[in-house]
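What follows is the content of final.cif, which has mmCIF, C-alpha atoms:
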```cif
data_my_file
loop_
_atom_site.label_atom_id
_atom_site.label_comp_id
_atom_site.auth_asym_id
_atom_site.auth_seq_id
_atom_site.Cartn_x
_atom_site.Cartn_y
_atom_site.Cartn_z
CA MET A 139 85.45 125.04 139.01
CA GLU A 140 83.14 124.55 136.09
CA ILE A 141 84.30 123.78 132.59
CA THR A 142 82.80 126.34 130.23
CA THR A 143 83.00 126.84 126.50
CA SER A 144 85.97 129.16 126.88
CA TRP A 145 88.10 126.33 128.22
CA TYR A 146 87.52 124.33 125.08
CA LEU A 147 88.23 127.37 122.94
CA VAL A 148 91.49 127.98 124.77
CA LEU A 149 92.51 124.36 124.26
CA GLY A 150 91.61 124.58 120.58
CA ALA A 151 93.59 127.80 120.23
CA LEU A 152 96.61 126.23 121.94
CA LEU A 153 96.51 123.23 119.62
CA PHE A 154 96.22 125.55 116.62
CA VAL A 155 99.19 127.65 117.73
CA ILE A 156 101.32 124.60 118.54
CA GLY A 157 100.54 123.16 115.11
CA GLY A 158 101.35 126.42 113.36
CA THR A 159 104.60 126.82 115.24
CA GLY A 160 105.56 123.26 114.39
CA LEU A 161 104.79 123.94 110.75
CA LEU A 162 107.35 126.73 110.87
CA ILE A 163 110.13 125.03 112.82
CA ARG A 164 110.08 121.58 111.25
CA ARG A 165 111.52 120.87 107.86
CA ASN A 166 110.55 117.25 107.41
CA PRO A 167 107.53 117.37 105.05
CA LEU A 168 105.86 114.45 106.85
CA VAL A 169 106.02 116.18 110.22
CA MET A 170 104.77 119.37 108.60
CA LEU A 171 101.68 117.50 107.38
CA MET A 172 101.16 116.19 110.92
CA CYS A 173 101.29 119.77 112.20
CA VAL A 174 98.54 120.69 109.73
CA GLU A 175 96.47 117.89 111.24
CA LEU A 176 97.05 119.40 114.68
CA MET A 177 95.79 122.76 113.47
CA LEU A 178 92.69 121.17 111.93
CA ASN A 179 91.98 119.36 115.18
CA GLY A 180 92.22 122.55 117.17
CA VAL A 181 89.62 124.12 114.90
CA ASN A 182 87.41 121.01 115.09
CA LEU A 183 87.42 121.24 118.87
CA SER A 184 86.23 124.85 118.66
CA PHE A 185 83.45 123.87 116.25
CA VAL A 186 82.21 121.15 118.59
CA ALA A 187 82.41 123.48 121.57
CA PHE A 188 80.27 126.05 119.78
CA ALA A 189 77.85 123.36 118.60
CA GLN A 190 77.36 122.35 122.21
CA ARG A 191 77.15 125.89 123.47
CA LEU A 192 74.69 127.18 120.86
CA ASN A 193 72.81 123.89 120.80
CA ASP A 194 73.16 123.66 117.04
CA ILE A 195 74.09 120.46 115.27
CA GLY A 196 75.51 122.47 112.36
CA GLY A 197 78.87 122.78 114.08
CA GLN A 198 79.25 119.04 114.22
CA THR A 199 78.27 118.75 110.57
CA VAL A 200 81.08 121.12 109.66
CA VAL A 201 83.52 118.98 111.64
CA PHE A 202 82.39 116.01 109.58
CA PHE A 203 83.29 117.84 106.37
CA VAL A 204 86.60 118.97 107.82
CA LEU A 205 87.42 115.32 108.51
CA VAL A 206 86.70 114.39 104.89
CA VAL A 207 88.79 117.24 103.52
CA ALA A 208 91.63 116.40 105.92
CA ALA A 209 91.62 112.81 104.72
CA ALA A 210 91.76 113.92 101.08
CA GLU A 211 94.50 116.40 101.91
CA VAL A 212 96.62 113.76 103.62
CA VAL A 213 96.19 111.33 100.73
CA VAL A 214 97.32 113.85 98.12
CA GLY A 215 100.01 115.34 100.37
CA LEU A 216 101.55 111.99 101.17
CA GLY A 217 101.38 111.05 97.50
CA LEU A 218 103.38 114.15 96.68
CA VAL A 219 105.86 113.47 99.48
CA VAL A 220 106.36 109.89 98.28
CA ALA A 221 106.84 111.04 94.69
CA ILE A 222 109.41 113.66 95.71
CA LEU A 223 111.32 111.63 98.29
CA ARG A 224 111.56 108.63 95.99
CA ARG A 225 113.50 110.66 93.47
CA ARG A 226 115.56 112.65 95.96
CA PRO A 227 115.88 110.84 99.28
CA GLY A 228 116.40 112.96 102.34
CA THR A 229 114.79 116.04 100.85
CA THR A 230 113.57 118.63 103.32
CA ALA A 231 111.05 121.34 102.68
CA ASP A 232 113.83 123.89 102.18
CA ASP A 233 115.45 121.84 99.43
CA LEU A 234 112.24 122.11 97.46
CA SER A 235 113.06 125.75 96.79
CA THR A 236 114.62 124.37 93.60
CA LEU A 237 111.04 124.11 92.35
CA ARG A 238 111.20 127.87 91.98
CA GLY A 239 111.14 128.84 88.33
CA MET B 61 83.66 117.74 139.31
CA VAL B 62 84.05 114.72 137.08
CA ASP B 63 83.67 116.97 134.05
CA THR B 64 86.51 119.16 135.27
CA LEU B 65 88.75 116.19 135.89
CA VAL B 66 88.00 114.68 132.48
CA PHE B 67 88.65 117.98 130.76
CA LEU B 68 91.92 118.60 132.56
CA VAL B 69 93.30 115.12 131.98
CA ALA B 70 92.26 115.08 128.32
CA ALA B 71 93.63 118.58 127.80
CA ALA B 72 96.95 117.57 129.33
CA VAL B 73 97.06 114.54 127.05
CA CYS B 74 96.25 116.70 124.01
CA LEU B 75 98.88 119.32 124.76
CA THR B 76 101.56 116.79 125.65
CA GLY B 77 100.91 114.99 122.40
CA ALA B 78 100.89 118.21 120.40
CA LEU B 79 104.21 119.32 121.87
CA GLY B 80 105.55 115.84 121.25
CA VAL B 81 104.60 116.05 117.59
CA ILE B 82 106.61 119.19 116.99
CA LEU B 83 109.52 118.40 119.32
CA ALA B 84 110.19 114.72 118.68
CA ARG B 85 113.24 114.24 116.50
CA ASN B 86 112.09 110.97 115.05
CA PRO B 87 109.07 111.20 112.69
CA VAL B 88 107.76 107.88 114.03
CA HIS B 89 107.58 109.36 117.51
CA SER B 90 105.81 112.39 116.07
CA ALA B 91 103.18 110.14 114.50
CA LEU B 92 102.63 108.25 117.76
CA MET B 93 102.33 111.52 119.67
CA LEU B 94 99.76 112.61 117.11
CA VAL B 95 97.71 109.53 118.01
CA MET B 96 97.85 110.63 121.64
CA THR B 97 96.52 114.08 120.76
CA LEU B 98 93.76 112.62 118.62
CA PHE B 99 92.61 110.34 121.43
CA GLY B 100 92.57 113.29 123.82
CA ILE B 101 90.40 115.22 121.40
CA ALA B 102 88.09 112.24 121.01
CA VAL B 103 87.62 112.32 124.79
CA GLN B 104 86.78 116.02 124.58
CA PHE B 105 84.22 115.25 121.88
CA VAL B 106 82.57 112.65 124.12
CA ALA B 107 82.54 115.16 126.97
CA GLN B 108 80.59 117.52 124.70
CA GLU B 109 78.16 114.83 123.59
CA ALA B 110 79.48 114.61 120.05
CA HIS B 111 79.53 110.83 120.24
CA PHE B 112 79.50 110.12 116.54
CA LEU B 113 82.38 112.49 115.89
CA ALA B 114 84.37 110.92 118.70
CA ALA B 115 84.00 107.52 117.07
CA VAL B 116 84.87 108.91 113.65
CA GLN B 117 87.85 110.72 115.16
CA VAL B 118 89.29 107.46 116.48
CA ILE B 119 88.45 105.40 113.39
CA VAL B 120 89.39 107.85 110.65
CA TYR B 121 92.15 109.90 112.24
CA ALA B 122 93.89 107.50 114.56
CA GLY B 123 92.98 104.43 112.56
CA ALA B 124 93.49 105.55 108.98
CA ILE B 125 95.38 108.82 108.68
CA VAL B 126 98.10 108.12 111.23
CA VAL B 127 98.54 104.61 109.88
CA LEU B 128 98.98 106.19 106.45
CA PHE B 129 101.64 108.47 107.92
CA LEU B 130 103.46 105.57 109.54
CA PHE B 131 103.20 103.57 106.35
CA VAL B 132 104.83 106.34 104.33
CA ILE B 133 107.52 106.86 106.99
CA MET B 134 108.42 103.19 106.89
CA LEU B 135 108.16 103.01 103.10
CA LEU B 136 110.53 105.89 102.57
CA GLY B 137 112.83 105.07 105.44
CA VAL B 138 112.92 108.65 106.66
CA ASP B 139 112.68 107.59 110.28
CA ARG B 140 116.07 108.89 111.23
CA ALA B 141 116.42 111.66 113.71
CA GLN B 142 116.45 115.25 112.57
CA ASN B 143 118.57 117.62 114.53
CA LEU B 144 116.17 120.37 115.46
CA GLU B 145 118.80 122.99 116.17
CA LEU B 146 120.90 122.66 113.07
CA SER B 147 117.98 122.32 110.72
CA LEU B 148 116.58 125.73 111.47
CA LEU B 149 117.26 128.71 109.32
CA PRO B 150 118.06 131.71 111.51
CA ALA B 151 115.08 133.70 110.31
CA GLN B 152 112.83 130.67 110.65
CA ARG B 153 113.29 130.49 114.39
CA TRP B 154 112.29 134.11 114.85
CA ALA B 155 109.38 133.72 112.49
CA ALA B 156 108.16 130.74 114.48
CA LEU B 157 108.59 132.57 117.76
CA ALA B 158 106.79 135.63 116.43
CA PHE B 159 103.94 133.53 115.01
CA GLY B 160 103.58 131.46 118.17
CA SER B 161 103.53 134.30 120.66
CA GLY B 162 101.64 136.65 118.37
CA SER B 163 98.81 134.30 117.57
CA LEU B 164 98.64 133.16 121.17
CA VAL B 165 98.17 136.76 122.30
CA VAL B 166 95.61 137.50 119.60
CA LEU B 167 93.58 134.35 120.22
CA GLY B 168 93.74 134.78 123.98
CA ALA B 169 92.62 138.40 123.70
CA LEU B 170 89.76 137.36 121.43
CA ILE B 171 88.55 134.68 123.80
CA VAL B 172 88.79 137.00 126.79
CA ALA B 173 87.09 139.80 124.87
CA VAL B 174 84.23 137.56 123.76
CA GLY B 175 83.92 136.36 127.32
CA GLU B 176 81.61 133.69 128.51
CA PRO B 177 78.24 134.77 127.09
CA VAL B 178 78.70 133.33 123.63
CA THR B 179 75.77 134.42 121.56
CA GLY B 180 74.63 133.60 118.09
CA ALA B 181 71.69 133.26 115.80
CA PRO B 182 69.07 130.79 116.95
CA SER B 183 69.69 127.26 115.87
CA MET B 184 68.86 126.53 112.26
CA GLY B 185 70.04 122.96 111.99
CA GLY B 186 68.34 121.44 114.96
CA SER B 187 69.64 121.13 118.46
CA ALA B 188 72.78 119.26 119.36
CA ALA B 189 71.21 117.76 122.43
CA GLY B 190 72.69 114.50 123.56
CA GLY B 191 71.01 111.15 123.46
CA GLU B 192 70.24 111.09 119.78
CA ASN B 193 73.35 112.77 118.49
CA VAL B 194 73.76 110.38 115.57
CA ARG B 195 70.17 110.83 114.42
CA LEU B 196 70.43 114.62 114.52
CA LEU B 197 73.75 114.63 112.72
CA ALA B 198 72.43 112.31 110.03
CA ARG B 199 69.33 114.42 109.54
CA SER B 200 71.41 117.57 109.18
CA LEU B 201 73.85 115.86 106.86
CA PHE B 202 71.33 114.25 104.55
CA SER B 203 68.82 117.07 104.38
CA ASP B 204 70.42 120.48 104.75
CA HIS B 205 73.89 119.55 103.58
CA VAL B 206 73.12 116.78 101.12
CA TYR B 207 74.75 118.53 98.15
CA ALA B 208 77.91 119.19 100.12
CA PHE B 209 77.86 115.56 101.21
CA GLU B 210 77.67 114.38 97.61
CA LEU B 211 80.47 116.75 96.66
CA THR B 212 82.71 115.17 99.30
CA SER B 213 82.35 111.86 97.46
CA LEU B 214 83.60 113.61 94.33
CA LEU B 215 86.46 115.09 96.36
CA LEU B 216 87.45 111.66 97.66
CA VAL B 217 87.41 110.18 94.16
CA VAL B 218 89.62 113.00 92.91
CA ALA B 219 92.00 112.48 95.85
CA VAL B 220 92.24 108.74 95.21
CA ILE B 221 92.90 109.23 91.50
CA GLY B 222 95.47 111.90 92.30
CA ALA B 223 97.24 109.64 94.77
CA VAL B 224 97.35 106.80 92.25
CA VAL B 225 98.73 109.08 89.54
CA LEU B 226 101.33 110.54 91.87
CA ALA B 227 102.51 107.26 93.33
CA ARG B 228 102.65 105.40 90.02
CA LYS B 229 106.06 104.43 88.76
CA PRO B 230 106.73 106.04 85.39
CA THR B 231 106.66 103.47 82.61
CA GLN B 232 109.57 102.99 80.25
CA SER B 233 107.68 104.20 77.19
CA GLU B 234 107.24 107.65 78.62
CA THR B 235 109.80 110.30 77.93
CA PRO B 236 112.48 110.05 80.58
CA VAL B 237 112.67 112.84 83.05
CA PRO B 238 115.97 114.69 82.63
CA GLU B 239 118.47 114.09 85.36
CA GLU B 240 118.79 116.77 87.93
CA ARG B 241 121.83 118.86 88.13
CA GLY B 242 124.10 117.87 90.95
CA ASP B 243 123.43 120.92 93.04
CA SER B 244 121.31 119.29 95.69
#
```
How would this structure read if it were set down as structure tokens?
Amino acid sequence: MEITTSWYLVLGALLFVIGGTGLLIRRNPLVMLMCVELMLNGVNLSFVAFAQRLNDIGGQTVVFFVLVVAAAEVVVGLGLVVAILRRRPGTTADDLSTLRG
Amino acid sequence: MVDTLVFLVAAAVCLTGALGVILARNPVHSALMLVMTLFGIAVQFVAQEAHFLAAVQVIVYAGAIVVLFLFVIMLLGVDRAQNLELSLLPAQRWAALAFGSGSLVVLGALIVAVGEPVTGAPSMGGSAAGGENVRLLARSLFSDHVYAFELTSLLLVVAVIGAVVLARKPTQSETPVPEERGDS
């Protein structure tokens, strides 16, 4: 049995779907951010698989930028979570519906 | 043969970790399971000769981002268990089920439909051949994508400033934020 590009794509798709499902079923904002990281990693794996398959370094360059954006996203997201949870401990994502105008 | 074994083991590690992230009741366990997934993906990167990205994956993701997560979990003391069953809205469960199965079917159909012969335009950014992965990546990054690279520095500065502003304690001189109504 030979490992082909499709195997990596399937794994990436599974990670993406697991992350998306977790984003929907979890209400703790921290775990939701972790699920976003899972989705990003699934996509990164697909990019690297295509970079290898098409013999193009561009796919790996994109993964580099995704890493940077993910880091920035986590920094701002966790800052928001800290700011919200410090004022209202135990808040879940559903409780934030009070932000509605 | 070795490739197959490496892929299967790393894939099992990735998927176990991913399921652990979304099923663990304690956020600390979720964060540790996330580390497991990230290491599995780093192994997959090495298997595809993306050596630099594998190193960055371990250093940035497992070393910095997950530590940041753990730091916030400990800082806020939200590391108590969340009851998965009770916390779900009724519609949420069905939405999650529909999204999970639906996207799985769509993605699986796409991958099967595309099949093995992945085609594409001829390489524009240089080959991704192993051996000098770092050199090729650096050349692509600092020649073709140099403006995007500089913009990421701007993005990181904005993120740092935003985090500082968000995490700052409000000073006394500022107008006090009105108390919330007791409906929470």
I'd like to see the residues matched by the PyMOL selection byres ((chain A) within 6 of (chain B)) on this file, and ideally I'd get them as a list of chain:residue names.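 Applying the PyMOL selection byres ((chain A) within 6 of (chain B)) to the structure shown produces A:Ile141, A:Val155, A:Thr159, A:Gly160, A:Leu162, A:Asn193, A:Asp194, A:Ile195, A:Gly196, A:Ala210, A:Val214, A:Gly217, A:Ala221.
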Just to confirm, what's the straight-line distance from atom CA of Ala189 of chain A to atom CA of Gly100 of chain B in Å (one decimal)?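 Atom CA of Ala189 of chain A sits 18.6 Å away from atom CA of Gly100 of chain B.
Nearest residue to Val212 of chain A, choosing from A:Leu168, A:Ala231, A:Val181, A:Leu237 and counting all atoms listed in the file: A:Leu168.
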Using the chain letters and numbers from this file, what does the PyMOL selection byres ((chain A and resi 230) around 8) select? Give the answer as a list in words.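 After applying the PyMOL selection byres ((chain A and resi 230) around 8), what remains is Arg165, Asn166, Pro167, Gly228, Thr229, Ala231, Asp232, Asp233 and Leu234 of chain A.
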Could you check which of B:Ala151, B:Ala70, B:Val206, B:Val194 is closest to Ile163 of chain A, using all atoms listed in the file?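 For Ile163 of chain A, the nearest of the candidates is B:Ala151.
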Chain and number of each residue from the PyMOL selection byres ((chain A and resi 180) around 7), as a list of chain:residue names: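 The output of the PyMOL selection byres ((chain A and resi 180) around 7) on this file is A:Gly150, A:Ala151, A:Leu153, A:Phe154, A:Leu176, A:Met177, A:Leu178, A:Asn179, A:Val181, A:Asn182, A:Leu183, A:Ser184.
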Atom CA of Ser235 of chain A to atom CA of Leu216 of chain A: how many Å, to one decimal?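 Between atom CA of Ser235 of chain A and atom CA of Leu216 of chain A the gap is 18.5 Å.
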Pairwise distance for atom CA of Val207 of chain A and atom CA of Ile119 of chain B, rounded to one decimal in Å: 15.4 Å
Nearest to Phe185 of chain A by atom-to-atom distance, counting only C-alpha atoms, from A:Val169, A:Leu223, A:Ile156, A:Leu147: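 The answer is A:Leu147, which sits nearest to Phe185 of chain A.
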Could segment 76-90 of chain B be completed with N, CA and C atoms and written as a compact mmCIF listing (two decimals), in the frame of the given file, please?
```
# COMPACT_ATOMS: atom_id res chain seq x y z
N THR B 76 100.33 117.56 125.64
CA THR B 76 101.56 116.79 125.65
C THR B 76 101.81 116.17 124.29
N GLY B 77 100.75 115.59 123.72
CA GLY B 77 100.91 114.99 122.40
C GLY B 77 101.27 116.01 121.34
N ALA B 78 100.62 117.19 121.41
CA ALA B 78 100.89 118.21 120.40
C ALA B 78 102.34 118.68 120.49
N LEU B 79 102.81 118.91 121.73
CA LEU B 79 104.21 119.32 121.87
C LEU B 79 105.14 118.21 121.42
N GLY B 80 104.73 116.96 121.69
CA GLY B 80 105.55 115.84 121.25
C GLY B 80 105.67 115.79 119.74
N VAL B 81 104.57 116.11 119.06
CA VAL B 81 104.60 116.05 117.59
C VAL B 81 105.66 117.00 117.06
N ILE B 82 105.70 118.22 117.60
CA ILE B 82 106.61 119.19 116.99
C ILE B 82 108.01 119.11 117.58
N LEU B 83 108.19 118.43 118.72
CA LEU B 83 109.52 118.40 119.32
C LEU B 83 110.25 117.08 119.14
N ALA B 84 109.53 116.01 118.83
CA ALA B 84 110.19 114.72 118.68
C ALA B 84 111.12 114.77 117.46
N ARG B 85 112.29 114.19 117.62
CA ARG B 85 113.24 114.24 116.50
C ARG B 85 112.95 113.17 115.48
N ASN B 86 112.35 112.09 115.93
CA ASN B 86 112.09 110.97 115.05
C ASN B 86 110.66 111.07 114.53
N PRO B 87 110.44 111.07 113.22
CA PRO B 87 109.07 111.20 112.69
C PRO B 87 108.12 110.12 113.21
N VAL B 88 108.64 108.93 113.50
CA VAL B 88 107.76 107.88 114.03
C VAL B 88 107.21 108.30 115.38
N HIS B 89 108.05 108.89 116.22
CA HIS B 89 107.58 109.36 117.51
C HIS B 89 106.55 110.47 117.33
N SER B 90 106.79 111.33 116.33
CA SER B 90 105.81 112.39 116.07
C SER B 90 104.45 111.78 115.74
```
